[in-house]
Amino acid sequence: MNNTRQLVNLALIGFMGTGKSSVGRLVAEQLHFDYVDTDELIQSRTSRTITDIFDTDGEAAFRKLEQQLVAELAARKRTVISTGGGLPADPVNLTSLKTHALVVCLWASPEKIWERVRNQTHRPLLRDPNPQSKIRELLAAREPFYRQADVLINTDLRSAREVAQQIVHQFKFAQSGQ
């Protein structure tokens, strides 16, 4: 890790269903940080669902909204940022996050992800004839970006609380090295 970075925030990246939202809230609570979910923020600002944005404007328009939001978040301090699953696939977003945040990737197997998200209706990328195959395909495409995180944590066999404690420890350790 680069010692010139100012780690004033913590960013959680990773595929849908890996626990970013639930773990992010716990981490924010433990660190006494604000919590921001990029998908929730985009929905509240546009007064539209992500599914609606994808259906009406396309994925590219949604990714542009993400990029604008990530640039804005660079001004925040003491914030846990939970990102949408595809957000780090844009190198601009990953570079921006790394200027101010410890980037932690939560990882899970395709089987565990499917188990966690199969009953959720708000996932536009899962409206596919073979959602399990789509999960594998997207995970493979995004893995090179996810692997650029400062820390990777597998969430398959850990509770959200265990993962949160590990992240808090990693964040404090990274800050102590500055």
# chains A, B, ... in the order shown; residues from 1 in each chain; ligands from 1
>>> closest_atom_pairs(of="stretch 24-91 of chain A", to="stretch 98-119 of chain A", cutoff="10 Å", atoms="only C-alpha atoms", output="tab-separated table")
residue	atom	partner	partner_atom	distance
A:Leu73	CA	A:His100	CA	9.1
A:Ala74	CA	A:His100	CA	6.3
A:Ala75	CA	A:His100	CA	8.6
A:Arg76	CA	A:His100	CA	8.6
A:Lys77	CA	A:His100	CA	8.3
A:Arg78	CA	A:Ala101	CA	9.4
A:Thr79	CA	A:Ala101	CA	8.8
A:Val80	CA	A:Ala101	CA	8.7
A:Ile81	CA	A:Ala101	CA	8.8
A:Ser82	CA	A:Val104	CA	9.9
A:Pro88	CA	A:Cys105	CA	9.9
>>> closest_atom_pairs(of="stretch 8-45 of chain A", to="stretch 57-72 of chain A", cutoff="12 Å", atoms="only C-alpha atoms", output="CSV")
residue,atom,partner,partner_atom,distance
A:Ala11,CA,A:Val70,CA,10.5
A:Val36,CA,A:Leu69,CA,10.8
A:Asp37,CA,A:Leu69,CA,10.7
A:Thr38,CA,A:Glu66,CA,7.2
A:Asp39,CA,A:Glu66,CA,8.1
A:Glu40,CA,A:Glu66,CA,11.0
A:Leu41,CA,A:Leu69,CA,8.5
A:Ile42,CA,A:Leu65,CA,7.1
A:Gln43,CA,A:Leu65,CA,10.2
A:Arg45,CA,A:Leu65,CA,10.1
>>> select_by_dssp(residues="stretch 23-114 of chain A", states="strand (DSSP E or B)", output="JSON, numbers by chain")
{"A": [34, 35, 36, 37, 79, 80, 81, 82, 101, 102, 103, 104, 105, 106, 107]}
>>> atom_distance(atom1="atom CA of A:Ala89", atom2="atom CA of A:Phe145")
5.6 Å
>>> closest_residue(among="A:His169, A:Lys134, A:Arg142, A:Arg48", to="A:Gly85", atoms="only C-alpha atoms")
A:Arg142
>>> closest_residue(among="A:Gln148, A:Ser44, A:Gln6, A:Asn93", to="A:Gly177", atoms="only C-alpha atoms")
A:Gln6
>>> select_by_dssp(residues="stretch 29-72 of chain A", states="helix (DSSP H, G or I)", output="ChimeraX atom specification")
/A:29-31,38-46,50-57,59-72
>>> write_last_selection(atoms="C-alpha atoms", output="compact mmCIF listing (two decimals), in the first residue's frame")
# COMPACT_ATOMS: atom_id res chain seq x y z
CA GLU A 29 -21.29 1.71 13.44
CA GLN A 30 -18.07 0.30 14.94
CA LEU A 31 -15.87 3.10 13.55
CA THR A 38 -23.90 4.24 -3.81
CA ASP A 39 -26.92 2.41 -5.26
CA GLU A 40 -29.25 3.80 -2.59
CA LEU A 41 -27.87 7.33 -3.08
CA ILE A 42 -28.37 7.17 -6.85
CA GLN A 43 -31.93 5.93 -6.36
CA SER A 44 -32.78 8.67 -3.86
CA ARG A 45 -31.24 11.43 -6.01
CA THR A 46 -32.93 10.32 -9.22
CA ILE A 50 -31.80 1.05 -10.56
CA THR A 51 -33.93 -1.35 -12.59
CA ASP A 52 -35.79 1.62 -14.09
CA ILE A 53 -32.54 3.43 -14.93
CA PHE A 54 -31.16 0.27 -16.60
CA ASP A 55 -34.41 -0.34 -18.51
CA THR A 56 -35.03 3.25 -19.63
CA ASP A 57 -31.58 4.79 -20.02
CA GLU A 59 -26.39 0.48 -18.17
CA ALA A 60 -24.00 3.13 -19.59
CA ALA A 61 -26.18 5.94 -18.19
CA PHE A 62 -26.23 4.26 -14.78
CA ARG A 63 -22.43 3.84 -14.83
CA LYS A 64 -22.08 7.56 -15.60
CA LEU A 65 -24.17 8.38 -12.51
CA GLU A 66 -21.89 6.10 -10.47
CA GLN A 67 -18.78 7.83 -11.77
CA GLN A 68 -20.14 11.29 -10.88
CA LEU A 69 -21.03 10.09 -7.39
CA VAL A 70 -17.63 8.48 -6.78
CA ALA A 71 -15.88 11.72 -7.75
CA GLU A 72 -18.07 13.58 -5.27
>>> atom_distance(atom1="atom CA of A:Leu10", atom2="atom CA of A:Tyr35")
9.7 Å
>>> atom_distance(atom1="atom CA of A:Thr49", atom2="atom CA of A:Ser22")
19.7 Å
>>> residues_around(residues="A:Ile153", least_positions_apart="3", cutoff="12 Å", atoms="only C-alpha atoms", output="ChimeraX atom specification")
/A:12-14,18-20,23,103-109,146-147,149-150,156-160,162-167,170
>>> write_last_selection(atoms="C-alpha atoms", output="PDB file, in the first residue's frame")
ATOM      1  CA  LEU A  12     -16.401  -1.873   0.140  1.00  0.00           C
ATOM      2  CA  ILE A  13     -16.391  -3.354  -3.337  1.00  0.00           C
ATOM      3  CA  GLY A  14     -17.465  -6.762  -4.561  1.00  0.00           C
ATOM      4  CA  THR A  18     -21.265 -10.666  -0.836  1.00  0.00           C
ATOM      5  CA  GLY A  19     -22.487  -8.624   2.143  1.00  0.00           C
ATOM      6  CA  LYS A  20     -21.369  -5.080   1.318  1.00  0.00           C
ATOM      7  CA  VAL A  23     -21.240  -5.459   6.638  1.00  0.00           C
ATOM      8  CA  VAL A 103     -10.602  -0.454  -0.570  1.00  0.00           C
ATOM      9  CA  VAL A 104     -11.856  -3.798   0.743  1.00  0.00           C
ATOM     10  CA  CYS A 105     -13.304  -6.396  -1.613  1.00  0.00           C
ATOM     11  CA  LEU A 106     -15.827  -8.836  -0.203  1.00  0.00           C
ATOM     12  CA  TRP A 107     -15.721 -12.110  -2.113  1.00  0.00           C
ATOM     13  CA  ALA A 108     -18.042 -15.111  -2.223  1.00  0.00           C
ATOM     14  CA  SER A 109     -18.463 -18.193  -4.384  1.00  0.00           C
ATOM     15  CA  TYR A 146     -11.958  -6.739  -7.545  1.00  0.00           C
ATOM     16  CA  ARG A 147      -8.427  -8.111  -7.101  1.00  0.00           C
ATOM     17  CA  ALA A 149      -8.561  -3.935  -3.737  1.00  0.00           C
ATOM     18  CA  ASP A 150      -6.205  -3.343  -0.820  1.00  0.00           C
ATOM     19  CA  ASP A 156     -18.792 -17.495   2.307  1.00  0.00           C
ATOM     20  CA  LEU A 157     -18.442 -18.963   5.792  1.00  0.00           C
ATOM     21  CA  ARG A 158     -18.352 -15.849   7.982  1.00  0.00           C
ATOM     22  CA  SER A 159     -21.144 -13.886   9.604  1.00  0.00           C
ATOM     23  CA  ALA A 160     -21.536 -10.213   8.761  1.00  0.00           C
ATOM     24  CA  GLU A 162     -17.126 -11.443  11.860  1.00  0.00           C
ATOM     25  CA  VAL A 163     -16.396  -9.814   8.491  1.00  0.00           C
ATOM     26  CA  ALA A 164     -17.033  -6.347   9.938  1.00  0.00           C
ATOM     27  CA  GLN A 165     -14.616  -6.972  12.809  1.00  0.00           C
ATOM     28  CA  GLN A 166     -11.933  -8.113  10.383  1.00  0.00           C
ATOM     29  CA  ILE A 167     -12.436  -4.983   8.242  1.00  0.00           C
ATOM     30  CA  GLN A 170      -7.582  -4.028   8.734  1.00  0.00           C
TER      31      GLN A 170
END
